>>> print(open('coords_35.cif').read())   # mmCIF, C-alpha atoms and all ligand atoms
data_query
loop_
_atom_site.label_atom_id
_atom_site.label_comp_id
_atom_site.auth_asym_id
_atom_site.auth_seq_id
_atom_site.Cartn_x
_atom_site.Cartn_y
_atom_site.Cartn_z
CA MET O 23 -47.28 -40.68 27.16
CA PRO O 24 -46.59 -43.98 28.95
CA GLU O 25 -48.80 -46.87 27.97
CA LEU O 26 -51.25 -48.34 30.45
CA PRO O 27 -50.29 -51.68 32.03
CA ALA O 28 -51.56 -54.77 30.17
CA GLY O 29 -53.20 -56.34 33.23
CA LEU O 30 -55.92 -58.98 33.12
CA ALA O 31 -58.85 -58.77 30.71
CA VAL O 32 -61.96 -57.13 32.14
CA PRO O 33 -64.98 -59.50 32.33
CA ASP O 34 -67.80 -58.61 29.91
CA GLY O 35 -70.01 -57.39 32.75
CA GLY O 36 -67.44 -54.90 34.07
CA PRO O 37 -64.33 -54.85 36.28
CA LEU O 38 -66.02 -56.01 39.51
CA GLU O 39 -67.68 -59.37 39.81
CA PRO O 40 -70.27 -59.85 42.58
CA GLY O 41 -68.96 -60.80 46.01
CA ARG O 42 -66.25 -58.17 46.49
CA GLY O 43 -68.11 -56.35 49.26
CA ALA O 44 -65.95 -57.80 52.06
CA GLU O 45 -62.85 -56.28 50.48
CA SER O 46 -64.39 -52.82 50.82
CA ALA O 47 -65.43 -53.20 54.45
CA GLY O 48 -64.02 -50.37 56.55
CA ARG O 49 -62.66 -48.47 53.55
CA THR O 50 -63.74 -44.94 52.68
CA PHE O 51 -64.90 -44.08 49.14
CA SER O 52 -63.50 -41.31 46.91
CA VAL O 53 -63.97 -40.27 43.29
CA TYR O 54 -61.29 -39.03 40.87
CA LEU O 55 -62.37 -37.31 37.64
CA HIS O 56 -59.70 -37.01 34.96
CA VAL O 57 -60.12 -34.08 32.56
CA PRO O 58 -57.69 -34.77 29.69
CA PHE O 59 -57.30 -31.34 28.08
CA CYS O 60 -54.60 -28.66 28.11
CA ARG O 61 -54.27 -25.45 26.14
CA VAL O 62 -50.56 -26.16 25.53
CA ARG O 63 -48.54 -29.23 26.51
CA CYS O 64 -45.66 -28.39 28.86
CA GLY O 65 -42.38 -29.85 27.57
CA TYR O 66 -41.80 -32.08 30.63
CA CYS O 67 -45.31 -33.52 31.02
CA ASP O 68 -46.33 -37.02 29.93
CA PHE O 69 -49.75 -37.08 31.58
CA ASN O 70 -52.75 -38.37 29.62
CA THR O 71 -53.78 -34.99 28.26
CA TYR O 72 -54.43 -33.50 24.81
CA THR O 73 -54.34 -30.09 23.21
CA ALA O 74 -57.13 -29.27 20.73
CA ALA O 75 -54.73 -30.06 17.87
CA GLU O 76 -53.76 -33.45 19.39
CA LEU O 77 -57.29 -34.54 20.17
CA GLY O 78 -58.61 -35.38 16.70
CA GLY O 79 -62.28 -36.19 16.07
CA GLY O 80 -64.69 -38.34 18.09
CA ALA O 81 -64.25 -36.46 21.37
CA SER O 82 -64.34 -32.82 22.32
CA GLN O 83 -64.01 -30.59 25.33
CA SER O 84 -67.58 -29.41 24.92
CA ASP O 85 -68.95 -32.99 25.08
CA PHE O 86 -66.74 -34.07 27.94
CA ALA O 87 -69.04 -33.25 30.86
CA ALA O 88 -71.88 -35.30 29.33
CA THR O 89 -69.50 -38.22 28.76
CA ALA O 90 -68.17 -38.02 32.33
CA VAL O 91 -71.72 -37.87 33.72
CA ALA O 92 -72.46 -41.10 31.81
CA GLY O 93 -69.25 -42.55 33.32
CA VAL O 94 -70.43 -41.72 36.84
CA ALA O 95 -73.86 -43.31 36.21
CA LEU O 96 -72.26 -46.48 34.82
CA ALA O 97 -69.85 -46.68 37.76
CA ALA O 98 -72.72 -46.42 40.24
CA ALA O 99 -74.63 -49.15 38.38
CA GLU O 100 -71.54 -51.41 38.38
CA LEU O 101 -71.02 -50.94 42.11
CA ALA O 102 -74.65 -51.81 42.79
CA ARG O 103 -74.51 -54.85 40.47
CA ALA O 104 -71.39 -56.11 42.21
CA GLY O 105 -73.22 -55.83 45.54
CA LEU O 106 -70.81 -53.32 47.04
CA PRO O 107 -72.25 -51.07 49.71
CA SER O 108 -73.22 -47.60 48.50
CA ARG O 109 -71.04 -45.18 50.45
CA ALA O 110 -71.21 -41.40 50.53
CA VAL O 111 -68.17 -39.86 48.86
CA GLU O 112 -65.58 -38.47 51.28
CA THR O 113 -63.38 -36.73 48.70
CA VAL O 114 -63.68 -35.77 45.03
CA PHE O 115 -60.65 -34.71 43.00
CA PHE O 116 -60.76 -33.20 39.50
CA GLY O 117 -57.31 -33.69 37.97
CA GLY O 118 -55.77 -33.50 34.59
CA GLY O 119 -54.88 -32.16 32.29
CA THR O 120 -56.40 -28.83 33.15
CA PRO O 121 -59.93 -29.29 34.55
CA THR O 122 -60.38 -25.51 34.69
CA LEU O 123 -60.17 -25.32 30.88
CA LEU O 124 -63.78 -26.53 31.03
CA GLN O 125 -66.55 -24.11 31.90
CA PRO O 126 -67.32 -24.02 35.65
CA SER O 127 -70.85 -25.13 34.73
CA ASP O 128 -69.38 -28.32 33.19
CA LEU O 129 -67.37 -29.07 36.33
CA ALA O 130 -70.48 -28.34 38.42
CA ARG O 131 -72.48 -30.78 36.30
CA MET O 132 -69.93 -33.53 36.84
CA LEU O 133 -69.88 -32.86 40.59
CA ASP O 134 -73.69 -32.91 40.65
CA ALA O 135 -73.62 -36.36 39.04
CA VAL O 136 -71.37 -37.65 41.85
CA ARG O 137 -73.68 -36.05 44.41
CA GLN O 138 -76.75 -37.56 42.78
CA GLU O 139 -75.39 -41.11 42.44
CA TRP O 140 -73.66 -41.53 45.78
CA GLY O 141 -74.13 -38.39 47.86
CA LEU O 142 -71.31 -36.38 49.38
CA ALA O 143 -70.38 -37.12 53.00
CA PRO O 144 -70.76 -34.17 55.39
CA GLY O 145 -67.64 -32.01 55.12
CA ALA O 146 -66.53 -33.74 51.91
CA GLU O 147 -63.35 -32.35 50.33
CA VAL O 148 -63.86 -31.33 46.67
CA THR O 149 -60.69 -30.25 44.86
CA THR O 150 -59.86 -29.12 41.36
CA GLU O 151 -56.41 -28.72 39.89
CA ALA O 152 -55.91 -25.47 38.00
CA ASN O 153 -53.24 -23.69 36.04
CA PRO O 154 -52.66 -20.17 37.38
CA ASP O 155 -53.77 -18.61 34.08
CA SER O 156 -56.90 -20.77 33.73
CA VAL O 157 -59.00 -19.24 36.53
CA ASP O 158 -60.34 -15.80 37.45
CA ALA O 159 -62.54 -14.31 40.15
CA ALA O 160 -65.76 -15.21 38.31
CA SER O 161 -64.84 -18.83 37.52
CA LEU O 162 -63.61 -19.41 41.09
CA ALA O 163 -66.81 -17.94 42.53
CA ALA O 164 -68.84 -20.29 40.32
CA LEU O 165 -66.77 -23.29 41.47
CA ALA O 166 -67.17 -22.39 45.15
CA ALA O 167 -70.93 -21.95 44.63
CA ALA O 168 -71.07 -25.39 43.00
CA GLY O 169 -69.54 -27.02 46.09
CA PHE O 170 -65.80 -27.05 45.41
CA THR O 171 -63.86 -26.58 48.65
CA ARG O 172 -60.25 -26.60 47.50
CA ILE O 173 -58.01 -25.64 44.58
CA SER O 174 -54.56 -26.96 43.73
CA ILE O 175 -52.67 -24.43 41.65
CA GLY O 176 -49.72 -25.42 39.45
CA MET O 177 -47.24 -22.70 40.41
CA GLN O 178 -44.09 -24.77 39.66
CA SER O 179 -41.62 -21.87 40.09
CA ALA O 180 -41.50 -18.13 40.73
CA VAL O 181 -38.53 -17.64 38.39
CA PRO O 182 -39.21 -16.63 34.77
CA HIS O 183 -36.31 -18.56 33.18
CA VAL O 184 -37.37 -21.75 35.01
CA LEU O 185 -40.98 -21.35 33.89
CA ALA O 186 -39.65 -20.83 30.35
CA THR O 187 -37.59 -24.07 30.47
CA LEU O 188 -40.69 -25.89 31.72
CA GLU O 189 -42.64 -24.27 28.83
CA ARG O 190 -45.37 -23.06 31.17
CA THR O 191 -47.88 -20.58 29.79
CA HIS O 192 -48.24 -18.58 33.02
CA THR O 193 -46.15 -15.77 34.50
CA PRO O 194 -45.08 -15.53 38.17
CA GLU O 195 -47.66 -12.72 38.61
CA ASN O 196 -50.57 -15.02 37.68
CA VAL O 197 -50.05 -17.06 40.85
CA PRO O 198 -50.73 -14.51 43.64
CA ARG O 199 -53.71 -13.28 41.65
CA ALA O 200 -55.21 -16.78 41.42
CA VAL O 201 -54.47 -17.49 45.09
CA ALA O 202 -56.10 -14.22 46.26
CA ALA O 203 -59.18 -14.82 44.10
CA ALA O 204 -59.53 -18.40 45.39
CA ARG O 205 -59.19 -17.31 48.99
CA ALA O 206 -61.72 -14.50 48.49
CA VAL O 207 -64.39 -17.10 47.68
CA GLY O 208 -63.43 -19.33 50.61
CA LEU O 209 -61.50 -22.08 48.83
CA GLU O 210 -58.65 -23.87 50.57
CA VAL O 211 -55.50 -23.27 48.55
CA SER O 212 -52.64 -25.58 47.64
CA VAL O 213 -49.71 -24.77 45.36
CA ASP O 214 -47.51 -27.22 43.44
CA LEU O 215 -43.80 -26.60 42.95
CA ILE O 216 -41.22 -28.45 40.86
CA TYR O 217 -37.52 -28.57 41.79
CA GLY O 218 -34.44 -29.54 39.83
CA THR O 219 -35.36 -28.02 36.46
CA PRO O 220 -32.27 -27.76 34.22
CA GLY O 221 -30.71 -24.31 34.72
CA GLU O 222 -32.39 -23.74 38.11
CA ASP O 223 -29.71 -22.88 40.68
CA VAL O 224 -30.12 -23.07 44.44
CA ALA O 225 -30.86 -19.33 44.70
CA ASP O 226 -33.65 -19.73 42.10
CA TRP O 227 -35.14 -22.56 44.13
CA ARG O 228 -34.98 -20.56 47.37
CA ARG O 229 -36.80 -17.76 45.58
CA SER O 230 -39.61 -20.15 44.54
CA VAL O 231 -39.86 -21.65 48.03
CA ASP O 232 -40.02 -18.20 49.62
CA ALA O 233 -42.60 -17.03 47.07
CA ALA O 234 -44.78 -20.08 47.79
CA ILE O 235 -44.58 -19.46 51.56
CA ALA O 236 -45.39 -15.77 51.08
CA LEU O 237 -48.69 -16.79 49.46
CA GLU O 238 -49.67 -18.31 52.83
CA PRO O 239 -51.26 -21.36 51.22
CA ASP O 240 -52.92 -24.09 53.29
CA HIS O 241 -50.94 -26.79 51.54
CA ILE O 242 -47.81 -27.13 49.39
CA SER O 243 -46.67 -30.00 47.16
CA ALA O 244 -43.10 -30.04 45.83
CA TYR O 245 -42.06 -32.63 43.26
CA ALA O 246 -38.62 -33.46 41.87
CA LEU O 247 -38.74 -32.88 38.12
CA GLY O 248 -38.78 -36.20 36.30
CA ILE O 249 -37.47 -36.21 32.74
CA GLU O 250 -39.80 -38.56 30.92
CA GLU O 251 -39.25 -40.55 27.73
CA GLY O 252 -41.25 -39.26 24.80
CA THR O 253 -41.50 -35.66 26.03
CA ARG O 254 -39.98 -32.61 24.35
CA MET O 255 -37.81 -32.08 27.40
CA GLY O 256 -36.59 -35.70 27.23
CA ALA O 257 -35.58 -35.12 23.59
CA ARG O 258 -33.77 -31.88 24.47
CA VAL O 259 -31.77 -33.66 27.18
CA ARG O 260 -30.89 -36.50 24.78
CA ARG O 261 -29.67 -33.99 22.21
CA GLY O 262 -27.51 -32.34 24.87
CA GLU O 263 -29.36 -29.00 24.65
CA ILE O 264 -30.16 -29.00 28.36
CA ALA O 265 -28.61 -30.84 31.29
CA PRO O 266 -30.25 -33.91 32.83
CA THR O 267 -31.52 -33.64 36.40
CA ASP O 268 -28.97 -34.26 39.14
CA PRO O 269 -30.06 -36.38 42.15
CA ASP O 270 -27.68 -34.55 44.52
CA ASP O 271 -29.04 -31.17 43.43
CA GLN O 272 -32.61 -32.43 43.89
CA ALA O 273 -31.79 -33.83 47.36
CA GLU O 274 -30.29 -30.49 48.43
CA LYS O 275 -33.37 -28.67 47.15
CA TYR O 276 -35.67 -31.09 48.96
CA LEU O 277 -33.92 -30.33 52.25
CA ILE O 278 -34.07 -26.57 51.63
CA ALA O 279 -37.81 -26.81 50.99
CA ASP O 280 -38.51 -29.04 53.98
CA GLU O 281 -36.67 -26.73 56.38
CA ALA O 282 -38.32 -23.58 55.03
CA PHE O 283 -41.82 -25.08 54.95
CA ALA O 284 -41.47 -26.44 58.49
CA ALA O 285 -40.27 -23.05 59.75
CA ALA O 286 -43.36 -21.46 58.15
CA GLY O 287 -45.73 -23.88 59.94
CA HIS O 288 -46.22 -26.40 57.12
CA ARG O 289 -45.65 -29.89 58.50
CA TRP O 290 -44.65 -32.67 56.12
CA TYR O 291 -47.28 -35.39 56.09
CA GLU O 292 -46.14 -37.21 52.96
CA ILE O 293 -42.70 -37.08 51.37
CA SER O 294 -43.70 -34.49 48.74
CA ASN O 295 -46.51 -32.77 50.67
CA TRP O 296 -46.66 -30.23 53.49
CA ALA O 297 -49.69 -28.61 55.14
CA ARG O 298 -50.85 -26.46 57.99
CA ALA O 299 -52.43 -28.69 60.64
CA GLY O 300 -55.86 -29.90 59.46
CA HIS O 301 -55.25 -29.00 55.81
CA GLU O 302 -53.69 -32.25 54.59
CA CYS O 303 -55.19 -33.38 51.27
CA ARG O 304 -57.67 -36.04 52.32
CA HIS O 305 -58.03 -37.31 48.76
CA ASN O 306 -54.35 -38.09 48.40
CA LEU O 307 -54.29 -39.60 51.90
CA ALA O 308 -57.03 -41.97 50.69
CA TYR O 309 -54.67 -43.20 47.94
CA TRP O 310 -51.75 -43.65 50.29
CA ARG O 311 -53.90 -45.45 52.86
CA ASN O 312 -55.24 -47.80 50.17
CA GLU O 313 -58.88 -46.79 50.59
CA ASP O 314 -61.41 -47.30 47.76
CA TRP O 315 -61.69 -44.82 44.91
CA TRP O 316 -63.38 -44.83 41.52
CA GLY O 317 -61.63 -43.09 38.63
CA ILE O 318 -63.83 -41.48 35.97
CA GLY O 319 -62.39 -40.30 32.63
CA PRO O 320 -59.88 -41.54 30.03
CA GLY O 321 -56.96 -43.50 31.51
CA ALA O 322 -58.22 -43.00 35.09
CA HIS O 323 -57.29 -45.73 37.58
CA SER O 324 -59.58 -47.16 40.28
CA HIS O 325 -59.11 -49.27 43.41
CA VAL O 326 -62.37 -50.77 44.60
CA GLY O 327 -63.23 -54.01 46.40
CA GLY O 328 -59.61 -55.26 46.25
CA VAL O 329 -59.44 -54.80 42.44
CA ARG O 330 -57.35 -52.23 40.58
CA PHE O 331 -58.61 -51.30 37.12
CA TRP O 332 -57.99 -48.57 34.59
CA ASN O 333 -59.95 -47.02 31.75
CA VAL O 334 -59.14 -46.88 28.05
CA LYS O 335 -56.68 -44.10 27.48
CA HIS O 336 -57.90 -41.98 24.59
CA PRO O 337 -60.86 -39.61 25.10
CA ARG O 338 -62.37 -40.87 21.83
CA ALA O 339 -62.25 -44.53 22.93
CA TYR O 340 -63.62 -43.55 26.35
CA ALA O 341 -66.55 -41.65 24.81
CA ALA O 342 -67.27 -44.49 22.37
CA ARG O 343 -67.41 -47.11 25.15
CA LEU O 344 -69.82 -45.06 27.20
CA ALA O 345 -71.98 -44.19 24.19
CA ALA O 346 -72.34 -47.96 23.61
CA GLY O 347 -73.25 -48.52 27.29
CA LEU O 348 -70.03 -50.51 27.84
CA SER O 349 -67.63 -50.34 30.78
CA PRO O 350 -64.68 -48.10 29.87
CA ALA O 351 -62.33 -50.36 31.90
CA ALA O 352 -59.43 -51.62 29.74
CA GLY O 353 -57.61 -53.88 32.19
CA ARG O 354 -57.53 -54.95 35.82
CA GLU O 355 -55.34 -56.48 38.46
CA ILE O 356 -56.26 -58.46 41.56
CA LEU O 357 -53.35 -58.23 43.96
CA SER O 358 -52.02 -61.28 45.80
CA PRO O 359 -51.56 -60.97 49.59
CA GLY O 360 -47.80 -60.49 49.03
CA GLU O 361 -48.34 -57.70 46.49
CA ARG O 362 -50.80 -56.01 48.81
CA GLU O 363 -48.32 -56.07 51.65
CA PHE O 364 -45.67 -54.54 49.38
CA GLU O 365 -48.09 -51.75 48.40
CA ARG O 366 -49.11 -51.13 51.99
CA VAL O 367 -45.48 -50.65 53.00
CA MET O 368 -44.45 -48.69 49.89
CA LEU O 369 -47.32 -46.20 50.27
CA GLY O 370 -47.43 -46.09 54.07
CA VAL O 371 -43.72 -45.48 54.52
CA ARG O 372 -44.11 -42.18 52.64
CA LEU O 373 -46.44 -40.84 55.34
CA ALA O 374 -45.48 -38.97 58.51
CA GLU O 375 -47.93 -41.25 60.34
CA GLY O 376 -45.63 -44.11 59.28
CA VAL O 377 -46.32 -47.74 58.58
CA ALA O 378 -46.75 -50.56 61.11
CA VAL O 379 -44.46 -53.53 60.53
CA ASP O 380 -44.70 -56.91 62.19
CA GLY O 381 -42.39 -58.00 64.99
CA GLY O 382 -40.51 -60.36 62.65
CA ARG O 383 -38.93 -57.30 61.05
CA ALA O 384 -37.62 -55.83 64.33
CA GLY O 385 -34.00 -56.45 63.24
CA VAL O 386 -34.45 -54.56 59.96
CA VAL O 387 -36.17 -51.71 61.79
CA ALA O 388 -33.29 -51.52 64.30
CA ASP O 389 -30.84 -51.33 61.36
CA LEU O 390 -32.89 -48.48 59.80
CA VAL O 391 -32.83 -46.59 63.11
CA ALA O 392 -29.07 -47.15 63.45
CA ALA O 393 -28.56 -45.84 59.91
CA GLY O 394 -30.50 -42.68 60.78
CA LEU O 395 -33.32 -43.49 58.33
CA ALA O 396 -36.15 -44.30 60.78
CA ASP O 397 -37.35 -42.43 63.85
CA PRO O 398 -36.26 -44.27 67.05
CA GLY O 399 -39.33 -43.29 69.10
CA ALA O 400 -41.87 -44.61 66.59
CA ALA O 401 -39.78 -47.76 66.05
CA VAL O 402 -40.31 -48.77 69.70
CA GLY O 403 -44.01 -49.19 68.86
CA GLY O 404 -43.26 -51.13 65.65
CA VAL O 405 -44.04 -48.19 63.35
CA VAL O 406 -41.55 -46.98 60.75
CA VAL O 407 -41.53 -43.19 60.37
CA LEU O 408 -38.82 -41.82 58.09
CA THR O 409 -36.35 -39.24 59.30
CA ARG O 410 -35.54 -36.33 56.97
CA ARG O 411 -32.60 -38.34 55.61
CA GLY O 412 -34.83 -41.43 55.35
CA ARG O 413 -37.26 -39.49 53.17
CA LEU O 414 -34.50 -39.11 50.56
CA LEU O 415 -34.08 -42.90 50.55
CA ALA O 416 -37.69 -44.08 50.85
CA ASP O 417 -37.41 -46.65 48.06
CA ALA O 418 -34.43 -48.32 49.71
CA VAL O 419 -36.34 -48.40 53.02
CA THR O 420 -39.33 -50.05 51.29
CA ARG O 421 -37.02 -52.69 49.81
CA ALA O 422 -35.44 -53.37 53.20
CA LEU O 423 -38.87 -53.78 54.82
CA THR O 424 -40.27 -56.08 52.14
CA ASP O 425 -37.30 -58.25 51.12
C1 LIG X 501 -50.44 -33.13 35.70
S1 LIG X 501 -50.46 -31.60 36.51
C2 LIG X 501 -52.13 -31.12 36.44
C3 LIG X 501 -52.38 -29.73 36.95
C4 LIG X 501 -52.17 -28.57 36.02
N1 LIG X 501 -52.38 -28.88 34.67
C5 LIG X 501 -50.79 -27.99 36.20
O1 LIG X 501 -49.96 -28.19 35.35
O2 LIG X 501 -50.60 -27.34 37.20
C6 LIG X 501 -50.22 -32.01 38.21
C7 LIG X 501 -48.82 -31.74 38.65
O3 LIG X 501 -47.93 -32.69 38.08
C8 LIG X 501 -46.72 -32.04 37.84
N2 LIG X 501 -45.90 -32.77 36.86
C9 LIG X 501 -46.24 -33.12 35.61
N3 LIG X 501 -45.20 -33.73 34.99
C10 LIG X 501 -44.18 -33.77 35.90
C11 LIG X 501 -42.83 -34.25 35.84
N4 LIG X 501 -42.33 -34.79 34.73
N5 LIG X 501 -42.05 -34.12 36.96
C12 LIG X 501 -42.56 -33.55 38.09
N6 LIG X 501 -43.81 -33.06 38.18
C13 LIG X 501 -44.61 -33.17 37.10
C14 LIG X 501 -47.21 -30.72 37.28
O4 LIG X 501 -46.23 -29.77 37.20
C15 LIG X 501 -48.34 -30.37 38.22
O5 LIG X 501 -47.96 -29.61 39.29
S1 LIG X 502 -50.65 -27.87 32.06
FE1 LIG X 502 -50.35 -29.49 33.62
S2 LIG X 502 -51.28 -31.34 32.73
FE2 LIG X 502 -51.11 -29.82 31.08
S3 LIG X 502 -49.23 -30.35 30.06
FE3 LIG X 502 -48.71 -28.81 31.62
S4 LIG X 502 -48.17 -30.00 33.50
FE4 LIG X 502 -49.19 -31.39 32.06
#
>>> encode(input="coords_35.cif", output="structure tokens")
Amino acid sequence: MPELPAGLAVPDGGPLEPGRGAESAGRTFSVYLHVPFCRVRCGYCDFNTYTAAELGGGASQSDFAATAVAGVALAAAELARAGLPSRAVETVFFGGGTPTLLQPSDLARMLDAVRQEWGLAPGAEVTTEANPDSVDAASLAALAAAGFTRISIGMQSAVPHVLATLERTHTPENVPRAVAAARAVGLEVSVDLIYGTPGEDVADWRRSVDAAIALEPDHISAYALGIEEGTRMGARVRRGEIAPTDPDDQAEKYLIADEAFAAAGHRWYEISNWARAGHECRHNLAYWRNEDWWGIGPGAHSHVGGVRFWNVKHPRAYAARLAAGLSPAAGREILSPGEREFERVMLGVRLAEGVAVDGGRAGVVADLVAAGLADPGAAVGGVVVLTRRGRLLADAVTRALTD
């Protein structure tokens, strides 16, 4: 798992000193809850998550909801102490790990704590991630009754040999079952796909794309597989047992997905995300638009009042900090105006709504249009919206706009 950034030390009183209210003016407020448990670790995944065998003592799945509830209470107290306005929560996202490894009553308890401390805004979006084999009709009904509105299901592929290479525990058949059960209780449904797995050919990928569309989800995410240092898959690639990912293959698969999703009525709204109109993930949009969010749980990151901070990484350290009444924040960063501008462009350029750039960059924008990377119509108004080709080269576009 990658280490957290070093960052600046967190003041004794917590990550936010008084007087940061102005930085939050006009920003919406969201909450992320990180649930760091998985039944089995997939070979490609380096997220901050632990199997029962990896966890060790000092923290447990059964204690986690109580610890997270304490985290929510402490966060609310810190916000109040720093004099930030109390804002109702627009979006809540339970991510992981596998949040649905916990009992629905535990997830409901954590959501209740958010509701109690800050209140949920009318129409708030409340999502949980789930593995296809970690939910059933009863657990989904309990989540819907508790106030969840949306589920994001890790489908990854519809092809057995690809799921096997990814070391997923679920079968292709688990996915339509989970989707149907979620829809039956009124949840919005998103599915995640991964493309470019070693051994996946173009026909395999088309099969996964078609299977995802056939589920008629509200939202689809598709991510290029990243082969991460320190994972089992990374070691297998280094030993030559499986091939590394190929950027050309991944670009071809991106274009196949984008065309098929668009034809099925799913509009891209962020490079890796497509949705039916009105079903964009508001929580992820809050990240990309640089709104405020508070991250609860081990290793979770926050962005509040112009400060970025992140929690201690191990569940045991997180539980110990909260048990002692201490902030779980391990480090923080206060961005300079230049760094903020870079972030605004880097995140905003990924969105179909585009990013506004100042008139001084008109020459660069004209070059991007001439190169077929930016949409000419939007550019007239000083907004950079990537073309399909531009989406494959978003990092280069960010560099050009911020040099
Ligand atoms: C961290 S998972 C959490 C949700 C759930 N545990 C699952 O696996 O579906 C969120 C998404 O990140 C994706 N992911 C994790 N590691 C990745 C990698 N190395 N490359 C691309 N996607 C990755 C997962 O496949 C999943 O769809
Ligand atoms: S189930 Fe999800 S979070 Fe857990 S190891 Fe697999 S990809 Fe990572």
>>> residues_around(input="coords_35.cif", residues="range 350-353 of chain O", least_positions_apart="5", cutoff="8 Å", atoms="only C-alpha atoms", output="list of chain:residue names")
O:Pro27, O:Ala28, O:Gly29, O:Leu30, O:Ala31, O:Val32, O:Gly36, O:Pro37, O:Gly93, O:Phe331, O:Trp332, O:Asn333, O:Val334, O:Tyr340, O:Arg343, O:Leu344
>>> residues_near_ligand(input="coords_35.cif", ligand="ligand LIG 502 (chain X)", cutoff="10 Å", atoms="all atoms listed in the file", output="JSON, numbers by chain")
{"O": [57, 58, 59, 60, 61, 62, 63, 64, 65, 66, 67, 68, 69, 70, 71, 72, 73, 117, 118, 119, 120, 121, 123, 151, 152, 153, 154, 155, 156, 175, 176, 178, 188, 189, 190, 191, 192]}
>>> atom_distance(input="coords_35.cif", atom1="CA of Thr150 in chain O", atom2="CA of Ser174 in chain O")
6.2 Å
>>> atom_distance(input="coords_35.cif", atom1="CA of Leu165 in chain O", atom2="CA of Ala244 in chain O")
25.0 Å
>>> atom_distance(input="coords_35.cif", atom1="CA of Gly327 in chain O", atom2="CA of Gly48 in chain O")
10.8 Å
>>> closest_residue(input="coords_35.cif", among="O:Leu77, O:Cys303, O:Ala342, O:Ala388", to="Thr89 in chain O", atoms="all atoms listed in the file")
O:Ala342
>>> closest_residue(input="coords_35.cif", among="O:Tyr54, O:Glu45, O:Leu106, O:Leu247", to="ligand LIG 501 (chain X)", atoms="only C-alpha atoms and all ligand atoms")
O:Leu247
>>> closest_residue(input="coords_35.cif", among="O:Val231, O:Leu129, O:Ile293, O:Ala339", to="Arg411 in chain O", atoms="all atoms listed in the file")
O:Ile293
>>> closest_residue(input="coords_35.cif", among="O:Gly382, O:Pro359, O:Gly317, O:Gly145", to="Leu96 in chain O", atoms="only C-alpha atoms")
O:Gly317
